Amino acid sequence: MGGVALLALQATVYFGVMAALLRARRVYGVGLFVCALGVMHFLETYLAAVFFIELPFGLLSPGSTVLFSGKLMMFLLLYIREDAETVRQPIYGLFIGNLLLVVLALILRLHTTVVHLPGDGPNLQFVDQMGVLMVWGTLLLFIDCIALILLYEQFARRLGRNAVLAAFLSAAAVLSFDQIAFYPALRITSGVPFSALTGGWVAKMGAAALYSLLIGVYLRWVEPDGEGRGSRRIRDVFETLTYRNRYEDLLRRSLIDELTGVRNRSAFEQTCRDWLARQAPDGQAVTLAMIDIDRFKAINDGLGHAAGDEVLRSVGRTLEANMRAGDLVFRYGGEEFALVLKGLSPDEAMAFAERLRRTVASDVRSMSGEAVTVSVGVASSAFGGGDLRSLLDRADQRLYQAKRLGRNRVIGETAPRRSPAG
């Protein structure tokens, strides 16, 4: 049992030092913890490949049992005490750093004049062997970390936030997967016998239990969760860990006009391609309304660009607030907006545009207190099919006609409309 006791001692020392660095992040930042976590990856892989001990239940490597399992559990503890956005940084940093190490090692092989000094020379075969294990182990580590956190959240929700049991069950599942997936690489590169698969698995289950208990101790006495933080949605955690939330936020921002908050020209062209490039499956007509703020240049010149910007924001908000479900508002450019409407007949589209014109004239004021009015050109495409350029040209022509006729009016498929109060 001396071997088991030594493994337990190594795991306790490892956890104690790493937990102290984690606790110190409040003072020194998380960098100490992350660096200490990362520098041992090569040693973990080296020991997992060449250093084994034999216990009654089989062969095992302290590098895999203590260091690798411990690293996973420290990632989990960092997630529990912080959040997915914090823990994803060392996960990705370690992934990229290990791949860089392998690339640089491969470049070393290009040297043709390697000096052999007295003693052991460079063993490039061993470097190649370690490179294979590093790449495969790094990929598994990346998958393991994300899976461990997602499983922890799932188990914690079902177990009433029992951190110890949730940590053990999630670690047991992930470490079992890792043991099965990593063993073939060890077998191919190092000829490790089958007893290392079974023995390593038993040892990792023991490591999962010990580290889970230590996590419980940490959360109970070292850094208790005073906030009473509830469970986090699995989908939200996954999207944060995989940076999908950043991608979706970037995508959303790229399609939103920063000044007015409505969709921008790029979003307009993308939407119109989707709605107009093919016949709509529901057979609904699509209406395009082009809206231009009347005498906007005079507002900018007379009251300043800040006043003009406020008018643009107010018009955008007013249009957005008066849309039906499914209708879309875009800032097409300058003081011009575009509306894309579905399921309206030409007469209904005209009536809808007229209501919007009246609402803008009633609700939007410039900084001088004068009513802001708009001119509108309306064009419809039957059954959701048609050419975007043709529809846009027709709506533009009617918009310009509305402005030539005196502004503050709607022109579309039927006669022009303008309220007496306009």
# chains A, B, ... in the order shown; residues from 1 in each chain; ligands from 1

call {"tool": "residues_around", "arguments": {"residues": "region 195-204 of chain A", "least_positions_apart": "5", "cutoff": "6 Å", "atoms": "only C-alpha atoms", "output": "VMD selection string"}}
result
chain A and resid 57 to 60 65

call {"tool": "atom_distance", "arguments": {"atom1": "CA of Ile293 (chain A)", "atom2": "CA of Asn264 (chain A)"}}
result
16.5 Å

call {"tool": "select_by_dssp", "arguments": {"residues": "region 14-158 of chain A", "states": "alpha helix (DSSP H)", "output": "PyMOL selection string"}}
result
chain A and resi 14-23+25-28+31-39+41-50+62+69-81+84-108+124-158

call {"tool": "residues_around", "arguments": {"residues": "region 405-412 of chain A", "least_positions_apart": "5", "cutoff": "7 Å", "atoms": "only C-alpha atoms", "output": "count of residues only"}}
result
16

call {"tool": "closest_residue", "arguments": {"among": "A:Phe42, A:Leu150, A:Ile96, A:Pro118", "to": "Gly131 (chain A)", "atoms": "only C-alpha atoms"}}
result
A:Phe42

call {"tool": "residues_around", "arguments": {"residues": "region 313-319 of chain A", "least_positions_apart": "4", "cutoff": "8 Å", "atoms": "only C-alpha atoms", "output": "PyMOL selection string"}}
result
chain A and resi 259-262+309+323+329+331+337+356+359-360+363-364

call {"tool": "write_last_selection", "arguments": {"atoms": "N, CA, C and O atoms", "output": "PDB file, in the first residue's frame"}}
result
ATOM      1  N   LEU A 259     -25.558  53.688 -34.474  1.00  0.00           N
ATOM      2  CA  LEU A 259     -26.197  54.946 -34.103  1.00  0.00           C
ATOM      3  C   LEU A 259     -27.665  54.761 -33.745  1.00  0.00           C
ATOM      4  O   LEU A 259     -28.133  55.236 -32.704  1.00  0.00           O
ATOM      5  N   THR A 260     -28.395  54.066 -34.588  1.00  0.00           N
ATOM      6  CA  THR A 260     -29.849  53.976 -34.400  1.00  0.00           C
ATOM      7  C   THR A 260     -30.300  52.712 -33.679  1.00  0.00           C
ATOM      8  O   THR A 260     -31.411  52.666 -33.157  1.00  0.00           O
ATOM      9  N   GLY A 261     -29.479  51.671 -33.681  1.00  0.00           N
ATOM     10  CA  GLY A 261     -29.859  50.415 -33.041  1.00  0.00           C
ATOM     11  C   GLY A 261     -30.694  49.495 -33.905  1.00  0.00           C
ATOM     12  O   GLY A 261     -31.025  48.381 -33.496  1.00  0.00           O
ATOM     13  N   VAL A 262     -31.057  49.931 -35.111  1.00  0.00           N
ATOM     14  CA  VAL A 262     -31.782  49.042 -36.023  1.00  0.00           C
ATOM     15  C   VAL A 262     -30.771  48.300 -36.886  1.00  0.00           C
ATOM     16  O   VAL A 262     -29.568  48.557 -36.834  1.00  0.00           O
ATOM     17  N   ASP A 309     -28.094  63.428 -35.343  1.00  0.00           N
ATOM     18  CA  ASP A 309     -27.979  62.052 -34.852  1.00  0.00           C
ATOM     19  C   ASP A 309     -29.166  61.690 -33.959  1.00  0.00           C
ATOM     20  O   ASP A 309     -29.681  60.563 -34.017  1.00  0.00           O
ATOM     21  N   MET A 323     -43.560  48.316 -35.691  1.00  0.00           N
ATOM     22  CA  MET A 323     -43.551  47.199 -36.621  1.00  0.00           C
ATOM     23  C   MET A 323     -44.426  46.052 -36.109  1.00  0.00           C
ATOM     24  O   MET A 323     -44.577  45.859 -34.904  1.00  0.00           O
ATOM     25  N   VAL A 329     -36.798  46.559 -39.727  1.00  0.00           N
ATOM     26  CA  VAL A 329     -36.392  47.938 -39.995  1.00  0.00           C
ATOM     27  C   VAL A 329     -34.882  47.968 -40.201  1.00  0.00           C
ATOM     28  O   VAL A 329     -34.136  47.356 -39.438  1.00  0.00           O
ATOM     29  N   ARG A 331     -31.460  50.666 -41.311  1.00  0.00           N
ATOM     30  CA  ARG A 331     -30.929  51.953 -41.750  1.00  0.00           C
ATOM     31  C   ARG A 331     -30.173  51.695 -43.042  1.00  0.00           C
ATOM     32  O   ARG A 331     -29.119  51.064 -43.050  1.00  0.00           O
ATOM     33  N   PHE A 337     -34.087  54.997 -44.366  1.00  0.00           N
ATOM     34  CA  PHE A 337     -34.417  53.723 -43.740  1.00  0.00           C
ATOM     35  C   PHE A 337     -35.166  52.847 -44.743  1.00  0.00           C
ATOM     36  O   PHE A 337     -35.770  53.351 -45.695  1.00  0.00           O
ATOM     37  N   LEU A 356     -47.343  54.803 -40.330  1.00  0.00           N
ATOM     38  CA  LEU A 356     -45.986  55.086 -39.861  1.00  0.00           C
ATOM     39  C   LEU A 356     -45.613  56.545 -40.115  1.00  0.00           C
ATOM     40  O   LEU A 356     -44.997  57.196 -39.263  1.00  0.00           O
ATOM     41  N   THR A 359     -47.265  58.651 -37.547  1.00  0.00           N
ATOM     42  CA  THR A 359     -46.684  58.438 -36.222  1.00  0.00           C
ATOM     43  C   THR A 359     -45.373  59.187 -36.075  1.00  0.00           C
ATOM     44  O   THR A 359     -45.110  59.815 -35.044  1.00  0.00           O
ATOM     45  N   VAL A 360     -44.524  59.134 -37.105  1.00  0.00           N
ATOM     46  CA  VAL A 360     -43.254  59.866 -37.059  1.00  0.00           C
ATOM     47  C   VAL A 360     -43.516  61.357 -36.932  1.00  0.00           C
ATOM     48  O   VAL A 360     -42.912  62.056 -36.103  1.00  0.00           O
ATOM     49  N   ASP A 363     -44.704  61.980 -33.309  1.00  0.00           N
ATOM     50  CA  ASP A 363     -43.879  61.633 -32.150  1.00  0.00           C
ATOM     51  C   ASP A 363     -42.466  62.183 -32.176  1.00  0.00           C
ATOM     52  O   ASP A 363     -41.833  62.293 -31.118  1.00  0.00           O
ATOM     53  N   VAL A 364     -41.927  62.473 -33.343  1.00  0.00           N
ATOM     54  CA  VAL A 364     -40.519  62.856 -33.435  1.00  0.00           C
ATOM     55  C   VAL A 364     -40.402  64.362 -33.599  1.00  0.00           C
ATOM     56  O   VAL A 364     -41.041  64.964 -34.474  1.00  0.00           O
TER      57      VAL A 364
END

call {"tool": "residues_around", "arguments": {"residues": "Ile80 (chain A)", "least_positions_apart": "2", "cutoff": "10 Å", "atoms": "only C-alpha atoms", "output": "number ranges by chain"}}
result
A: 74-78, 82-84, 87, 149, 152-153, 163, 215, 219, 225, 229
